[in-house]
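A.B. asks: Sharing final_13.txt below, compact mmCIF, C-alpha atoms:
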# COMPACT_ATOMS: atom_id res chain seq x y z
CA MET A 515 11.28 5.59 -29.24
CA ALA A 516 14.80 5.71 -27.82
CA SER A 517 15.68 3.02 -25.29
CA THR A 518 15.50 4.07 -21.65
CA PHE A 519 18.32 1.63 -20.81
CA ARG A 520 21.95 2.40 -21.46
CA GLU A 521 25.31 0.79 -20.80
CA CYS A 522 27.46 2.76 -18.37
CA ALA A 523 30.77 3.82 -19.93
CA SER A 524 32.59 3.07 -16.68
CA CYS A 525 31.15 -0.07 -15.11
CA GLY A 526 29.55 -1.60 -18.21
CA ARG A 527 26.18 -2.25 -16.54
CA CYS A 528 23.01 -1.83 -18.59
CA LEU A 529 20.96 0.52 -16.44
CA PRO A 530 17.67 2.48 -16.68
CA ARG A 531 17.62 6.20 -17.29
CA SER A 532 16.86 6.80 -13.60
CA SER A 533 20.39 5.55 -12.78
CA TYR A 534 21.93 8.53 -14.60
CA THR A 535 21.84 12.23 -13.87
CA ALA A 536 20.27 14.32 -16.63
CA ASN A 537 23.71 15.68 -17.52
CA GLN A 538 25.30 12.25 -17.89
CA PHE A 539 22.40 10.77 -19.85
CA SER A 540 22.53 13.67 -22.31
CA LYS A 541 26.12 12.76 -23.21
CA GLY A 542 24.90 9.83 -25.26
CA LEU A 543 25.92 6.22 -25.82
CA GLY A 544 29.47 5.34 -24.95
CA GLU A 545 29.99 8.42 -22.78
CA SER A 546 27.27 8.36 -20.13
CA ARG A 547 28.41 7.27 -16.66
CA CYS A 548 25.90 6.10 -14.05
CA ALA A 549 25.44 7.97 -10.79
CA ALA A 550 27.17 5.23 -8.82
CA CYS A 551 30.34 5.64 -10.88
CA VAL A 552 30.25 9.44 -10.94
CA HIS A 553 29.31 10.09 -7.33
CA GLY A 554 30.51 7.02 -5.48
CA HIS A 555 33.75 6.42 -3.63
CA HIS A 556 36.66 4.48 -5.13
CA ALA A 557 36.08 1.76 -2.52
CA ASP A 558 32.37 1.42 -3.32
CA ILE A 559 31.39 -1.38 -5.67
CA PRO A 560 28.13 -0.44 -7.43
CA ARG A 561 25.38 -3.02 -7.16
CA ALA A 562 24.29 -4.80 -10.30
CA GLY A 563 20.74 -4.66 -11.61
CA GLN A 564 17.90 -2.17 -11.63
CA PHE A 565 16.66 -0.76 -8.35
CA ASP A 566 13.12 -0.06 -7.21
CA SER A 567 13.25 0.88 -3.56
CA GLY A 568 9.48 1.31 -3.25
CA ARG A 569 7.37 -0.67 -0.78
CA TYR A 570 3.90 -0.86 -2.27
CA ASN A 571 0.38 -1.76 -1.15
CA ASP A 572 0.13 -4.67 -3.61
CA SER A 573 -3.57 -4.60 -2.79
CA ASN A 574 -6.62 -2.54 -3.59
CA THR A 575 -8.80 -3.15 -0.52
CA ALA A 576 -8.35 -3.02 3.23
CA ARG A 577 -10.56 -3.26 6.29
CA PHE A 578 -10.64 -0.61 9.02
CA THR A 579 -12.99 -1.33 11.92
CA GLU A 580 -15.10 1.43 13.39
CA LEU A 581 -13.05 1.11 16.58
CA GLN A 582 -9.83 1.65 14.64
CA LEU A 583 -11.23 4.69 12.83
CA GLU A 584 -12.65 6.22 16.00
CA ASN A 585 -9.38 5.66 17.87
CA PRO A 586 -6.45 6.49 15.54
CA PHE A 587 -3.13 5.35 16.96
CA SER A 588 -1.29 8.45 15.71
CA GLN A 589 -1.86 11.96 14.39
CA GLY A 590 -0.12 14.86 12.72
CA ALA A 591 -0.95 18.52 12.42
CA PHE A 592 -3.69 17.95 9.84
CA ARG A 593 -4.39 14.22 9.69
CA TRP A 594 -5.30 11.10 11.62
CA VAL A 595 -3.55 7.75 11.22
CA ALA A 596 -5.37 4.46 11.82
CA LYS A 597 -4.24 0.86 11.51
CA GLY A 598 -6.12 -1.57 9.28
CA THR A 599 -5.69 -4.90 7.49
CA TYR A 600 -5.30 -5.69 3.80
CA ILE A 601 -8.01 -8.05 2.53
CA SER A 602 -6.84 -8.57 -1.06
CA GLY A 603 -3.67 -9.06 -3.08
CA SER A 604 -0.33 -10.44 -1.95
CA ARG A 605 -0.50 -8.53 1.34
CA THR A 606 -3.78 -10.13 2.45
CA GLY A 607 -3.82 -10.36 6.23
CA GLN A 608 -0.95 -7.90 6.68
CA PRO A 609 -1.39 -4.59 8.53
CA CYS A 610 -1.69 -1.25 6.73
CA VAL A 611 -2.29 2.35 7.73
CA GLY A 612 -4.84 4.86 6.52
CA LYS A 613 -4.21 8.62 6.76
CA TRP A 614 -7.02 11.13 6.40
CA PHE A 615 -7.62 14.78 7.18
CA LYS A 616 -8.96 16.27 10.34
CA THR A 617 -12.03 18.44 9.99
CA GLY A 618 -11.03 21.94 8.99
CA ALA A 619 -7.58 21.14 7.65
CA VAL A 620 -6.95 23.78 4.99
CA PHE A 621 -4.24 22.02 3.00
CA GLU A 622 -6.38 19.04 2.04
CA ALA A 623 -6.76 20.05 -1.60
CA ASP A 624 -2.99 20.02 -2.14
CA TYR A 625 -1.88 17.44 0.38
CA PHE A 626 -2.32 14.24 -1.61
CA THR A 627 -0.63 15.68 -4.69
CA LEU A 628 2.31 17.11 -2.74
CA ASP A 629 2.72 14.05 -0.54
CA ILE A 630 2.98 11.71 -3.50
CA LYS A 631 5.20 14.20 -5.33
CA ALA A 632 7.61 14.17 -2.37
CA VAL A 633 7.60 10.36 -2.25
CA ASP A 634 8.34 10.17 -5.99
CA LYS A 635 11.34 12.48 -5.62
CA ALA A 636 12.52 10.63 -2.50
CA LEU A 637 12.26 7.30 -4.32
CA GLU A 638 14.34 8.65 -7.20
CA ILE A 639 17.07 9.74 -4.77
CA VAL A 640 17.03 6.55 -2.69
CA ASN A 641 17.25 4.37 -5.79
CA LEU A 642 20.48 6.15 -6.70
CA PHE A 643 21.78 5.91 -3.14
CA ASN A 644 21.13 2.16 -3.00
CA GLU A 645 23.07 1.70 -6.23
CA LEU A 646 26.17 3.16 -4.57
CA ASN A 647 26.29 0.11 -2.29
CA ILE A 648 27.62 2.17 0.61
CA ILE A 649 25.82 -0.10 3.08
CA ASN A 650 25.08 -3.83 2.88
CA LYS A 651 21.35 -3.36 3.48
CA SER A 652 18.72 -1.53 1.47
CA VAL A 653 16.78 1.63 2.14
CA ASN A 654 13.16 1.41 1.03
CA ILE A 655 10.26 3.88 1.02
CA ASN A 656 6.57 3.28 1.51
CA VAL A 657 4.68 4.39 -1.60
CA PRO A 658 1.15 5.49 -0.63
CA GLU A 659 -1.90 5.46 -2.85
CA VAL A 660 -5.05 7.56 -2.69
CA TRP A 661 -7.98 5.33 -1.76
CA VAL A 662 -11.60 6.18 -0.93
CA PHE A 663 -13.57 5.16 2.15
CA ASP A 664 -16.59 3.10 1.07
CA GLU A 665 -20.18 3.20 2.31
CA ARG A 666 -19.31 1.00 5.30
CA SER A 667 -17.12 3.77 6.72
CA GLY A 668 -20.02 5.83 8.06
CA GLU A 669 -19.52 9.58 7.99
CA ARG A 670 -16.18 9.12 6.19
CA ALA A 671 -17.78 7.45 3.17
CA GLY A 672 -16.52 9.02 -0.05
CA GLN A 673 -13.59 10.71 1.66
CA ASN A 674 -10.10 10.25 0.21
CA PHE A 675 -7.30 8.85 2.32
CA LEU A 676 -3.76 7.59 1.82
CA CYS A 677 -3.08 3.91 2.32
CA GLU A 678 0.35 2.31 2.72
CA PRO A 679 1.93 -0.70 4.47
CA PHE A 680 2.32 -0.55 8.26
CA ILE A 681 5.84 0.04 9.61
CA GLN A 682 7.00 -1.63 12.80
CA ASN A 683 9.42 -0.11 15.33
CA TYR A 684 8.75 3.40 14.05
CA GLN A 685 11.39 5.99 14.88
CA LYS A 686 12.69 9.30 13.61
CA PHE A 687 16.25 9.74 12.32
CA ASN A 688 16.38 13.41 11.30
CA SER A 689 14.06 16.36 10.77
CA ASN A 690 13.64 19.08 8.14
CA SER A 691 15.23 21.70 10.44
CA GLY A 692 18.57 19.95 10.95
CA TRP A 693 17.90 17.90 14.09
CA THR A 694 19.33 14.40 13.93
CA ASP A 695 19.59 11.30 16.09
CA GLU A 696 22.95 9.76 15.27
CA SER A 697 23.02 7.47 18.30
CA SER A 698 22.87 4.49 15.92
CA ALA A 699 24.50 3.63 12.60
CA TRP A 700 21.15 4.03 10.85
CA GLY A 701 20.96 7.63 12.05
CA GLU A 702 24.31 8.28 10.38
CA VAL A 703 23.13 6.57 7.21
CA MET A 704 20.08 8.86 7.09
CA GLN A 705 22.31 11.92 7.41
CA ALA A 706 24.41 10.60 4.54
CA ILE A 707 21.30 10.14 2.39
CA SER A 708 20.29 13.75 3.09
CA HIS A 709 23.78 14.93 2.15
CA PHE A 710 23.77 12.74 -0.98
CA SER A 711 20.42 14.17 -2.08
CA TYR A 712 21.86 17.69 -2.12
CA HIS A 713 24.91 16.52 -4.05
CA ILE A 714 23.12 14.39 -6.64
CA SER A 715 20.57 17.17 -7.33
CA ARG A 716 23.27 19.85 -7.68
CA GLY A 717 21.96 21.68 -4.66
CA HIS A 718 18.32 21.81 -5.74
CA PHE A 719 16.88 19.35 -3.19
CA VAL A 720 17.46 17.88 0.25
CA LEU A 721 15.65 14.70 1.27
CA CYS A 722 15.07 14.82 5.02
CA ASP A 723 12.61 14.34 7.89
CA LEU A 724 13.56 10.68 7.53
CA GLN A 725 11.57 8.32 9.71
CA GLY A 726 10.49 4.70 9.64
CA GLY A 727 11.37 1.26 10.94
CA VAL A 728 14.51 -0.88 10.99
CA TYR A 729 14.11 -4.48 9.85
CA GLN A 730 16.61 -7.32 9.58
CA HIS A 731 17.78 -6.55 6.05
CA GLU A 732 16.41 -3.07 5.40
CA VAL A 733 15.05 0.16 6.76
CA VAL A 734 11.64 1.32 5.53
CA LEU A 735 10.88 5.06 5.45
CA SER A 736 7.61 6.98 5.28
CA ASP A 737 6.43 10.60 5.03
CA PRO A 738 9.68 12.07 3.66
CA VAL A 739 10.14 15.82 3.26
CA ILE A 740 11.81 17.47 0.28
CA LEU A 741 13.44 20.86 0.75
CA SER A 742 13.68 22.62 -2.62
CA ARG A 743 15.05 25.84 -4.06
CA ASP A 744 11.60 26.97 -5.19
CA ARG A 745 9.56 25.66 -2.23
CA SER A 746 7.42 23.50 -4.48
CA TYR A 747 6.79 20.66 -2.01
CA GLY A 748 4.28 22.19 0.39
CA VAL A 749 4.28 23.57 3.92
CA THR A 750 7.11 21.32 5.17
CA ASP A 751 9.40 22.50 2.35
CA LEU A 752 11.42 25.23 4.06
CA GLY A 753 13.10 26.28 0.82
CA PRO A 754 16.65 27.66 0.49
CA GLN A 755 16.61 28.80 4.12
CA GLY A 756 15.74 25.28 5.18
CA ILE A 757 18.57 23.81 3.09
CA SER A 758 21.04 26.24 4.64
CA SER A 759 19.72 25.59 8.13
CA PHE A 760 19.88 21.82 7.65
CA PHE A 761 23.52 21.88 6.59
CA SER A 762 24.46 24.24 9.41
CA GLN A 763 23.83 21.25 11.68
CA HIS A 764 25.21 18.52 9.42
CA ARG A 765 28.50 16.84 10.26
CA CYS A 766 29.81 14.36 7.72
CA ASN A 767 30.22 10.80 8.98
CA ASN A 768 31.64 7.50 7.70
CA TYR A 769 28.81 7.10 5.20
CA CYS A 770 29.26 10.48 3.54
CA ARG A 771 31.78 10.81 0.72
CA SER A 772 34.42 13.51 0.54
CA ASN A 773 33.53 14.43 -3.05
CA TRP A 774 29.90 15.20 -2.20
CA THR A 775 29.15 18.90 -2.40
CA LYS A 776 27.70 21.02 0.41
CA PRO A 777 26.41 24.61 0.60
CA ALA A 778 29.02 27.27 1.21
CA ASN A 779 28.70 28.91 4.63
CA PRO A 780 25.37 27.39 5.70
CA THR A 781 23.50 29.42 8.31
CA ARG A 782 21.14 28.27 11.04
CA ILE A 783 17.78 29.94 10.44
CA PHE A 784 15.38 27.43 12.00
CA PRO A 785 16.05 25.89 15.42
CA PRO A 786 16.88 22.19 15.04
CA VAL A 787 13.91 20.35 16.56
CA ALA A 788 12.82 16.73 16.30
CA GLY A 789 9.33 17.61 15.11
CA THR A 790 8.48 18.59 11.55
CA THR A 791 8.73 22.34 10.98
CA MET A 792 6.12 23.98 8.77
CA MET A 793 5.98 27.35 7.08
CA LYS A 794 2.71 29.15 6.71
CA HIS A 795 1.55 30.16 3.26
CA THR A 796 -1.33 32.59 2.86
CA VAL A 797 -4.20 30.78 4.60
CA SER A 798 -5.14 30.28 8.20
CA THR A 799 -5.12 26.94 9.96
CA ARG A 800 -6.66 25.62 13.12
CA ALA A 801 -4.86 26.69 16.28
CA SER A 802 -4.62 23.20 17.77
CA ARG A 803 -1.39 21.36 16.91
CA PRO A 804 0.57 18.51 18.44
CA PHE A 805 3.71 19.59 20.28
CA THR A 806 5.93 17.95 17.67
CA THR A 807 4.83 20.37 14.96
CA HIS A 808 6.37 23.83 14.63
CA GLN A 809 5.01 26.57 12.41
CA TYR A 810 6.67 29.73 11.12
CA TYR A 811 4.89 32.83 9.81
Write the structure described by the file as structure tokens, please.

C.D. replies:
Amino acid sequence: MASTFRECASCGRCLPRSSYTANQFSKGLGESRCAACVHGHHADIPRAGQFDSGRYNDSNTARFTELQLENPFSQGAFRWVAKGTYISGSRTGQPCVGKWFKTGAVFEADYFTLDIKAVDKALEIVNLFNELNIINKSVNINVPEVWVFDERSGERAGQNFLCEPFIQNYQKFNSNSGWTDESSAWGEVMQAISHFSYHISRGHFVLCDLQGGVYQHEVVLSDPVILSRDRSYGVTDLGPQGISSFFSQHRCNNYCRSNWTKPANPTRIFPPVAGTTMMKHTVSTRASRPFTTHQYY
């Protein structure tokens, strides 16, 4: 089997395949240049070493009290979010969150698959962004796992849910419709990541709806949205129209790079709102939705 590590022809670092675009990796030994060298700025000094920007459960069990499950601290259009506590592994005693579907949610069959698919793509993009060393802190992403409520969970026993580490100081930086909060440097960084995702994927994807918490040495993100050319990432994937609409609102900042590509003549199609915009497929959903969710037919 061919090695998945390769020395970059420019910087000389021995890096995993994920550090190269498909085009560069296909060029072979002695010619492949890593994404940091190809897409970075002349003033950027690529970081050494292999990156994994994931923030994992590092546990396989957690406790959610009946009070916590009956009184979720947050909710989305189709799911509840409750706070619990890890009771095994290296995160024992630390807080976690569980996310499960409301009764009647029609996207349940696809949700777990599409959610994890979006996180995997986001992690791939953020790993490459971190390698550019544009900022002196790291951007990390919560990586959820599908767990099952046990018999102590009452009527929820046997039901799947997503579990991931709890994020403090939760805030939203941008949305999937082009809204952004650039009142802080981190808001500008998130816009740069969204721009970079379009560039590094040759216009096929935009990583957006970036939200999470700022810590001393990092920012941790959760629930990312991927906009794609073929709308393969679920109801929050607004497709080519979403990509165009997003960039109609984007203004490059100090963290963007002048050589990063953008769509030609982007057009606003969706109003830029802070909430997550969803597009209806072919099935009906419940009428009740929180005010931060917008749906298009």

A.B. asks: Atom CA of Gly612 of chain A and atom CA of Pro786 of chain A are how many Å apart?

C.D. replies: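 Between atom CA of Gly612 of chain A and atom CA of Pro786 of chain A the gap works out to 29.1 Å.
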
A.B. asks: Can you work out which one of A:Leu721, A:Cys610, A:Leu543, A:Ala536 has the shortest atom-to-atom distance to Glu521 of chain A, counting all atoms listed in the file?

C.D. replies: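 Of A:Leu721, A:Cys610, A:Leu543, A:Ala536, the one nearest Glu521 of chain A, counting all atoms listed in the file, is A:Leu543.
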
A.B. asks: For a quick check of understanding, using all atoms listed in the file, which of A:Glu638, A:Asp629, A:Glu545, A:Asp737 has the smallest distance to Ile707 of chain A?

C.D. replies: A:Glu638

A.B. asks: Figure out the distance between atom CA of Thr775 of chain A and atom CA of Ser759 of chain A, please, to one decimal in Å.

C.D. replies: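 Those two atoms sit 15.6 Å apart.
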
A.B. asks: Please measure the separation of atom CA of Thr627 of chain A and atom CA of Asn656 of chain A, giving the value in Å to one decimal.

C.D. replies: 15.6 Å

A.B. asks: So that I can check the surroundings of Ile601 of chain A, please list as a list in words every protein, DNA and RNA residue that reaches within 10 Å of it, counting all atoms listed in the file and ignoring chain neighbours fewer than 6 positions away.

C.D. replies: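 So, after excluding close chain neighbours, the residues are Ser573, Asn574, Thr575, Ala576, Arg577, Gly607, Gln608 and Pro609 of chain A.
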
A.B. asks: Any chance you could tabulate, as CSV, the residues of segment 554-618 of chain A at most 12 Å from segment 680-686 of chain A with each one's nearest atom pair and distance in Å to one decimal, using all atoms listed in the file, in chain and rising number order?

C.D. replies:
residue,atom,partner,partner_atom,distance
A:Arg569,CA,A:Phe680,CA,10.4
A:Tyr570,CA,A:Phe680,CA,10.7
A:Asn571,CA,A:Phe680,CA,9.7
A:Phe587,CA,A:Phe680,CA,11.8
A:Ser588,CA,A:Tyr684,CA,11.4
A:Val595,CA,A:Phe680,CA,10.6
A:Ala596,CA,A:Phe680,CA,9.8
A:Lys597,CA,A:Phe680,CA,7.5
A:Gly598,CA,A:Phe680,CA,8.6
A:Thr599,CA,A:Phe680,CA,9.1
A:Tyr600,CA,A:Phe680,CA,10.2
A:Arg605,CA,A:Phe680,CA,10.9
A:Gly607,CA,A:Phe680,CA,11.7
A:Gln608,CA,A:Phe680,CA,8.2
A:Pro609,CA,A:Phe680,CA,5.5
A:Cys610,CA,A:Phe680,CA,4.3
A:Val611,CA,A:Phe680,CA,5.5
A:Gly612,CA,A:Phe680,CA,9.1
A:Lys613,CA,A:Phe680,CA,11.4

A.B. asks: Measuring between all atoms listed in the file, which one of A:Glu659, A:Glu580, A:Asp723, A:Glu645 shows the shortest distance to Ile740 of chain A?

C.D. replies: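 So, comparing all the options, the nearest one is A:Asp723.
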
A.B. asks: Check the smallest atom-to-atom distance from each of A:Phe643, A:Phe539, A:Phe663, A:Phe675 to Lys616 of chain A using only C-alpha atoms, then report the winner.

C.D. replies: A:Phe675

A.B. asks: Hey, what's within 12 Å of Arg745 of chain A if we count only C-alpha atoms and toss same-chain stuff fewer than 2 positions away? As a list in words, please?

C.D. replies: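 Final neighbour list, sorted by chain and number: Leu628, Ala632, His718, Phe719, Val720, Val739, Ile740, Leu741, Ser742, Arg743, Tyr747, Gly748, Val749, Thr750, Asp751, Leu752, Gly753, Pro754, Gln755, Gly756, Ile757, Met792, Met793, Lys794 and His795 of chain A.
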
A.B. asks: Between A:Thr535, A:Ser708, A:Asn767, A:Ser736, which is the closest to Pro658 of chain A once you count all atoms listed in the file?

C.D. replies: A:Ser736

A.B. asks: So, counting only C-alpha atoms, which residue among A:Leu583, A:Ala636, A:Ala549, A:Val787 is closest to Gly692 of chain A?

C.D. replies: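 Among the listed residues, A:Val787 lies closest to Gly692 of chain A.
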
A.B. asks: Excluding Gln730 of chain A and residues on its chain fewer than 2 positions from it, collect all residues at most 12 Å away from it, counting all atoms listed in the file, and give them as a list in words.

C.D. replies: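 Close residues of Gln730 of chain A: Asn650, Lys651, Ser652, Val653, Gln682, Asn683, Gly727, Val728, Glu732, Val733 and Val734 of chain A.
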
A.B. asks: Need to verify the contact set: Cys551 of chain A, 8 Å, all atoms listed in the file, exclusion of same-chain residues closer than 4 positions in sequence. Can you return it as an MDAnalysis selection string?

C.D. replies: chainID A and resid 524:525 547 560 646

A.B. asks: Is there a way to complete segment 743-763 of chain A with N, CA, C and O atoms and then write that out as a compact mmCIF listing (two decimals), in the frame of the given file?

C.D. replies:
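Wrote result.txt, looks like this:
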# COMPACT_ATOMS: atom_id res chain seq x y z
N ARG A 743 14.67 24.44 -3.82
CA ARG A 743 15.05 25.84 -4.06
C ARG A 743 13.84 26.73 -4.30
O ARG A 743 13.85 27.92 -3.99
N ASP A 744 12.77 26.15 -4.86
CA ASP A 744 11.60 26.97 -5.19
C ASP A 744 10.40 26.69 -4.29
O ASP A 744 9.29 27.11 -4.58
N ARG A 745 10.62 25.97 -3.20
CA ARG A 745 9.56 25.66 -2.23
C ARG A 745 8.32 25.10 -2.92
O ARG A 745 7.19 25.56 -2.70
N SER A 746 8.52 24.08 -3.71
CA SER A 746 7.42 23.50 -4.48
C SER A 746 6.86 22.21 -3.88
O SER A 746 6.11 21.51 -4.53
N TYR A 747 7.23 21.91 -2.62
CA TYR A 747 6.79 20.66 -2.01
C TYR A 747 5.95 20.88 -0.75
O TYR A 747 5.93 20.05 0.14
N GLY A 748 5.24 22.00 -0.68
CA GLY A 748 4.28 22.19 0.39
C GLY A 748 4.81 22.86 1.64
O GLY A 748 5.92 23.41 1.67
N VAL A 749 4.01 22.80 2.71
CA VAL A 749 4.28 23.57 3.92
C VAL A 749 5.50 23.06 4.70
O VAL A 749 6.06 23.79 5.52
N THR A 750 5.92 21.83 4.48
CA THR A 750 7.11 21.32 5.17
C THR A 750 8.39 21.59 4.39
O THR A 750 9.49 21.33 4.89
N ASP A 751 8.26 22.11 3.17
CA ASP A 751 9.40 22.50 2.35
C ASP A 751 9.84 23.89 2.78
O ASP A 751 9.20 24.89 2.46
N LEU A 752 10.95 23.96 3.51
CA LEU A 752 11.42 25.23 4.06
C LEU A 752 12.28 26.02 3.09
O LEU A 752 12.86 27.05 3.46
N GLY A 753 12.41 25.53 1.86
CA GLY A 753 13.10 26.28 0.82
C GLY A 753 14.59 26.45 1.04
O GLY A 753 15.21 25.70 1.80
N PRO A 754 15.20 27.43 0.37
CA PRO A 754 16.65 27.66 0.49
C PRO A 754 17.09 27.90 1.93
O PRO A 754 18.17 27.46 2.33
N GLN A 755 16.27 28.57 2.72
CA GLN A 755 16.61 28.80 4.12
C GLN A 755 16.67 27.48 4.88
O GLN A 755 17.52 27.27 5.74
N GLY A 756 15.74 26.58 4.54
CA GLY A 756 15.74 25.28 5.18
C GLY A 756 16.97 24.46 4.81
O GLY A 756 17.55 23.76 5.65
N ILE A 757 17.37 24.53 3.55
CA ILE A 757 18.57 23.81 3.09
C ILE A 757 19.79 24.33 3.84
O ILE A 757 20.62 23.56 4.33
N SER A 758 19.91 25.64 3.93
CA SER A 758 21.04 26.24 4.64
C SER A 758 21.02 25.85 6.12
O SER A 758 22.05 25.47 6.70
N SER A 759 19.85 25.92 6.71
CA SER A 759 19.72 25.59 8.13
C SER A 759 20.05 24.13 8.38
O SER A 759 20.71 23.78 9.36
N PHE A 760 19.60 23.25 7.49
CA PHE A 760 19.88 21.82 7.65
C PHE A 760 21.39 21.57 7.65
O PHE A 760 21.92 20.87 8.52
N PHE A 761 22.08 22.14 6.70
CA PHE A 761 23.52 21.88 6.59
C PHE A 761 24.33 22.60 7.66
O PHE A 761 25.49 22.22 7.92
N SER A 762 23.74 23.61 8.31
CA SER A 762 24.46 24.24 9.41
C SER A 762 24.62 23.28 10.58
O SER A 762 25.50 23.45 11.43
N GLN A 763 23.77 22.25 10.62
CA GLN A 763 23.83 21.25 11.68
C GLN A 763 24.48 19.95 11.23
O GLN A 763 24.77 19.07 12.05
